[in-house]
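Student: Pasting in a structure now, in structure tokens, and then I'll have a few things to ask.
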Amino acid sequence: MREHFDSIASRYDDGKARQARYWRALVRIYQELVPAGATVLEVGCGTGSLLASLSPRRGAGLDISPAMVEAARAKHPELEFWVEDIARPTRRDAFEFVLLCDVLEHLPDPDSALEGLKSYADGRTLFVATAANPLWAGPLHLAEALRLKLPEGDHEWMSLKQLRGLLERHGFRLETAEGRILLPFRVPWLGGSLDRLAALRPLRALAFTYAVVFRLG
């Protein structure tokens with residue numbers, strides 16, 4: 001996984017720019033859930049753009065890819081970044097919010113990663129995560145094959161039911177879970193309206209992305 005993300009680090013931001021509608025929608029989700037001026041850690045921070053968009057009082061990012069961390073430090077010197085595998089944390093430091101943006105499906109060892117998250121949390125910490133709905137696995141693989149999006153390496157698609165079981169097994173409590181992005185690509189005049197429909201119960205299971213908030217205990 002480290003080798004894969006090192007290999008795409010130089011074109012990571014360009015890839016996000018080509019998927020601008022999807023990335024703008026992700027930023028809106030996190031800005032709704034994380035107030036400006038908080039202390040924030042992003043796990044799997046990439047080049048740091050999402051973290052910077054939240055205007056944290058203290059912002060830190062960790063990533064398994066040294067190339068991603070190097071790019072993040074160059075772009076956002078006001079923030080902290082370090083190389084780390086969350087399954088093997090190297091420090092203890094509680095944050096008000098810990099973010100996992102499109103990270104859950106990349107974890108080769110989710111059990112160890114959930115335990116590692118505890119090194120950066122206390123009873124007040126809120127964890128916010130987004131992940132792709134496994135129903136969209138086929139279209140995503142096709143988009144990668146057609147070079148319409150950056151390759152993301154191996155995935156272990158995780159349903160909300162599976163995630164809830166994983167969290168409970170490690171002492172976390174799921175507080176909210178909802179569909180947030182109905183379609184990841186642009187539909188003229190309908191983008192925002194479509195995303196609002198994703199919160200409706202009949203469509204929630206079909207949404208491209210789900211967003212969850214959870215905490216310890």
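Ordering of the structure tokens sets the chain letters (A, B, ...), residue numbers begin anew at 1 in every chain, and ligands are numbered from 1 in the order given.
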Mind the document's chain letters and residue numbers, and return as a ChimeraX atom specification the residues of range 30-109 of chain A that DSSP labels helix (DSSP H, G or I).
Tutor: /A:30-33,49-53,66-75,104-106
Student: Include C-alpha atoms and write out the residues we just selected as an mmCIF file, in the first residue's frame.
Tutor:
```cif
data_model
loop_
_atom_site.group_PDB
_atom_site.id
_atom_site.type_symbol
_atom_site.label_atom_id
_atom_site.label_comp_id
_atom_site.auth_asym_id
_atom_site.auth_seq_id
_atom_site.Cartn_x
_atom_site.Cartn_y
_atom_site.Cartn_z
ATOM 1 C CA TYR A 30 -16.458 17.328 6.857
ATOM 2 C CA GLN A 31 -17.047 21.066 7.208
ATOM 3 C CA GLU A 32 -20.573 20.319 8.436
ATOM 4 C CA LEU A 33 -19.332 17.849 11.041
ATOM 5 C CA SER A 49 -5.995 19.590 1.341
ATOM 6 C CA LEU A 50 -9.005 18.353 3.317
ATOM 7 C CA LEU A 51 -7.343 19.041 6.664
ATOM 8 C CA ALA A 52 -6.400 22.575 5.606
ATOM 9 C CA SER A 53 -9.958 23.282 4.430
ATOM 10 C CA PRO A 66 6.416 9.283 2.724
ATOM 11 C CA ALA A 67 5.845 10.931 -0.667
ATOM 12 C CA MET A 68 2.355 12.084 0.346
ATOM 13 C CA VAL A 69 3.671 13.480 3.627
ATOM 14 C CA GLU A 70 6.478 15.324 1.852
ATOM 15 C CA ALA A 71 3.946 16.934 -0.514
ATOM 16 C CA ALA A 72 1.627 17.839 2.375
ATOM 17 C CA ARG A 73 4.442 19.540 4.313
ATOM 18 C CA ALA A 74 5.388 21.591 1.250
ATOM 19 C CA LYS A 75 1.786 22.696 0.598
ATOM 20 C CA LEU A 104 -11.488 2.383 5.783
ATOM 21 C CA GLU A 105 -11.503 0.395 2.531
ATOM 22 C CA HIS A 106 -7.696 0.599 2.289
#
```
Student: Report as JSON, numbers by chain all protein, DNA and RNA residues lying within 9 Å of range 40-44 of chain A, evaluated on only C-alpha atoms, omitting residues in the same chain fewer than 2 positions from it.
Tutor: {"A": [34, 37, 38, 46, 48, 50, 51, 54, 56, 57, 58, 59, 60, 61, 62, 63, 64, 65, 85, 86, 94, 95, 96, 97, 98, 99, 100, 101, 102, 103, 117, 120]}
Student: Find the distance between CA of Leu216 in chain A and CA of Asp93 in chain A and write it in Å to one decimal.
Tutor: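 Atom-to-atom, CA of Leu216 in chain A and CA of Asp93 in chain A are spaced 15.0 Å apart.
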Student: Using the chain letters and numbers from this document, which residues of range 30-185 of chain A does DSSP assign to strand (DSSP E or B), as a VMD selection string?
Tutor: chain A and resid 39 to 43 58 to 63 80 to 83 97 to 101 126 to 132 172 to 181
Student: For the residues in that selection, give me N, CA and C atoms as a compact mmCIF listing (two decimals), in the first residue's frame.
Tutor:
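Result file again-v1.txt:
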```
# COMPACT_ATOMS: atom_id res chain seq x y z
N THR A 39 -9.16 20.94 17.28
CA THR A 39 -7.93 20.17 17.09
C THR A 39 -8.30 18.92 16.30
N VAL A 40 -7.60 18.72 15.18
CA VAL A 40 -8.03 17.71 14.21
C VAL A 40 -6.83 16.88 13.76
N LEU A 41 -7.00 15.56 13.76
CA LEU A 41 -6.04 14.64 13.17
C LEU A 41 -6.70 13.96 11.99
N GLU A 42 -6.04 13.96 10.83
CA GLU A 42 -6.54 13.20 9.69
C GLU A 42 -5.65 12.00 9.45
N VAL A 43 -6.25 10.82 9.48
CA VAL A 43 -5.55 9.57 9.20
C VAL A 43 -5.66 9.29 7.70
N ARG A 58 -5.40 23.38 15.70
CA ARG A 58 -4.21 22.54 15.52
C ARG A 58 -4.60 21.44 14.56
N GLY A 59 -3.89 21.34 13.45
CA GLY A 59 -4.18 20.32 12.46
C GLY A 59 -2.98 19.43 12.25
N ALA A 60 -3.21 18.13 12.27
CA ALA A 60 -2.13 17.16 12.06
C ALA A 60 -2.63 16.07 11.13
N GLY A 61 -1.71 15.56 10.32
CA GLY A 61 -2.06 14.48 9.41
C GLY A 61 -1.01 13.40 9.44
N LEU A 62 -1.47 12.17 9.33
CA LEU A 62 -0.52 11.06 9.20
C LEU A 62 -0.88 10.26 7.96
N ASP A 63 0.12 9.69 7.35
CA ASP A 63 -0.09 8.90 6.14
C ASP A 63 1.01 7.84 6.08
N GLU A 80 0.86 20.02 10.82
CA GLU A 80 1.82 18.97 11.17
C GLU A 80 1.53 17.72 10.34
N PHE A 81 2.57 17.06 9.86
CA PHE A 81 2.40 15.82 9.12
C PHE A 81 3.52 14.86 9.48
N TRP A 82 3.18 13.58 9.57
CA TRP A 82 4.21 12.58 9.80
C TRP A 82 3.82 11.26 9.15
N VAL A 83 4.84 10.45 8.89
CA VAL A 83 4.64 9.14 8.27
C VAL A 83 4.35 8.12 9.36
N PHE A 97 -11.12 15.80 17.13
CA PHE A 97 -11.68 15.08 15.99
C PHE A 97 -10.58 14.27 15.31
N VAL A 98 -10.92 13.05 14.94
CA VAL A 98 -10.04 12.20 14.15
C VAL A 98 -10.80 11.82 12.89
N LEU A 99 -10.22 12.09 11.73
CA LEU A 99 -10.89 11.91 10.45
C LEU A 99 -10.30 10.75 9.67
N LEU A 100 -11.18 10.00 8.98
CA LEU A 100 -10.75 8.94 8.08
C LEU A 100 -11.55 9.10 6.79
N CYS A 101 -11.00 9.86 5.87
CA CYS A 101 -11.69 10.16 4.61
C CYS A 101 -11.28 9.14 3.55
N LEU A 126 -14.34 12.76 18.81
CA LEU A 126 -15.28 12.27 17.81
C LEU A 126 -14.50 11.81 16.58
N PHE A 127 -14.84 10.64 16.09
CA PHE A 127 -14.25 10.11 14.87
C PHE A 127 -15.26 10.32 13.74
N VAL A 128 -14.78 10.84 12.63
CA VAL A 128 -15.64 11.08 11.46
C VAL A 128 -15.02 10.35 10.28
N ALA A 129 -15.80 9.51 9.62
CA ALA A 129 -15.28 8.72 8.50
C ALA A 129 -16.25 8.74 7.34
N THR A 130 -15.71 8.71 6.14
CA THR A 130 -16.50 8.50 4.94
C THR A 130 -15.90 7.33 4.18
N ALA A 131 -16.76 6.58 3.50
CA ALA A 131 -16.29 5.43 2.74
C ALA A 131 -17.26 5.17 1.59
N ALA A 132 -16.74 4.57 0.54
CA ALA A 132 -17.57 4.24 -0.61
C ALA A 132 -18.46 3.04 -0.30
N PHE A 172 -15.95 0.88 20.35
CA PHE A 172 -16.45 2.14 19.83
C PHE A 172 -17.97 2.09 19.73
N ARG A 173 -18.58 3.27 19.73
CA ARG A 173 -20.04 3.38 19.60
C ARG A 173 -20.36 4.22 18.38
N LEU A 174 -21.13 3.65 17.46
CA LEU A 174 -21.56 4.38 16.28
C LEU A 174 -22.69 5.33 16.65
N GLU A 175 -22.49 6.62 16.40
CA GLU A 175 -23.50 7.62 16.78
C GLU A 175 -24.41 7.98 15.62
N THR A 176 -23.87 8.22 14.45
CA THR A 176 -24.69 8.52 13.28
C THR A 176 -24.11 7.82 12.06
N ALA A 177 -24.98 7.48 11.12
CA ALA A 177 -24.55 6.87 9.86
C ALA A 177 -25.59 7.24 8.81
N GLU A 178 -25.13 7.79 7.70
CA GLU A 178 -26.08 8.19 6.66
C GLU A 178 -25.42 8.22 5.30
N GLY A 179 -26.23 8.02 4.27
CA GLY A 179 -25.78 8.21 2.91
C GLY A 179 -25.65 9.69 2.63
N ARG A 180 -24.60 10.09 1.92
CA ARG A 180 -24.35 11.51 1.74
C ARG A 180 -24.16 11.95 0.29
N ILE A 181 -23.63 11.14 -0.58
CA ILE A 181 -23.41 11.53 -1.97
C ILE A 181 -24.11 10.51 -2.85
```
Student: Compare A:Arg215, A:Arg21, A:Arg2, A:Arg11 by their minimum atom-to-atom distance to Arg164 in chain A, counting only C-alpha atoms, and give me the closest one.
Tutor: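 Selected residue with least distance to Arg164 in chain A: A:Arg215.
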Student: Report the distance between CA of Tyr210 in chain A and CA of Glu115 in chain A in Å, rounded to one decimal place.
Tutor: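 These two atoms are separated by 22.0 Å.
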Student: Using CA of Pro35 in chain A and CA of Arg92 in chain A as the two end points, give the distance in Å to one decimal.
Tutor: 22.9 Å
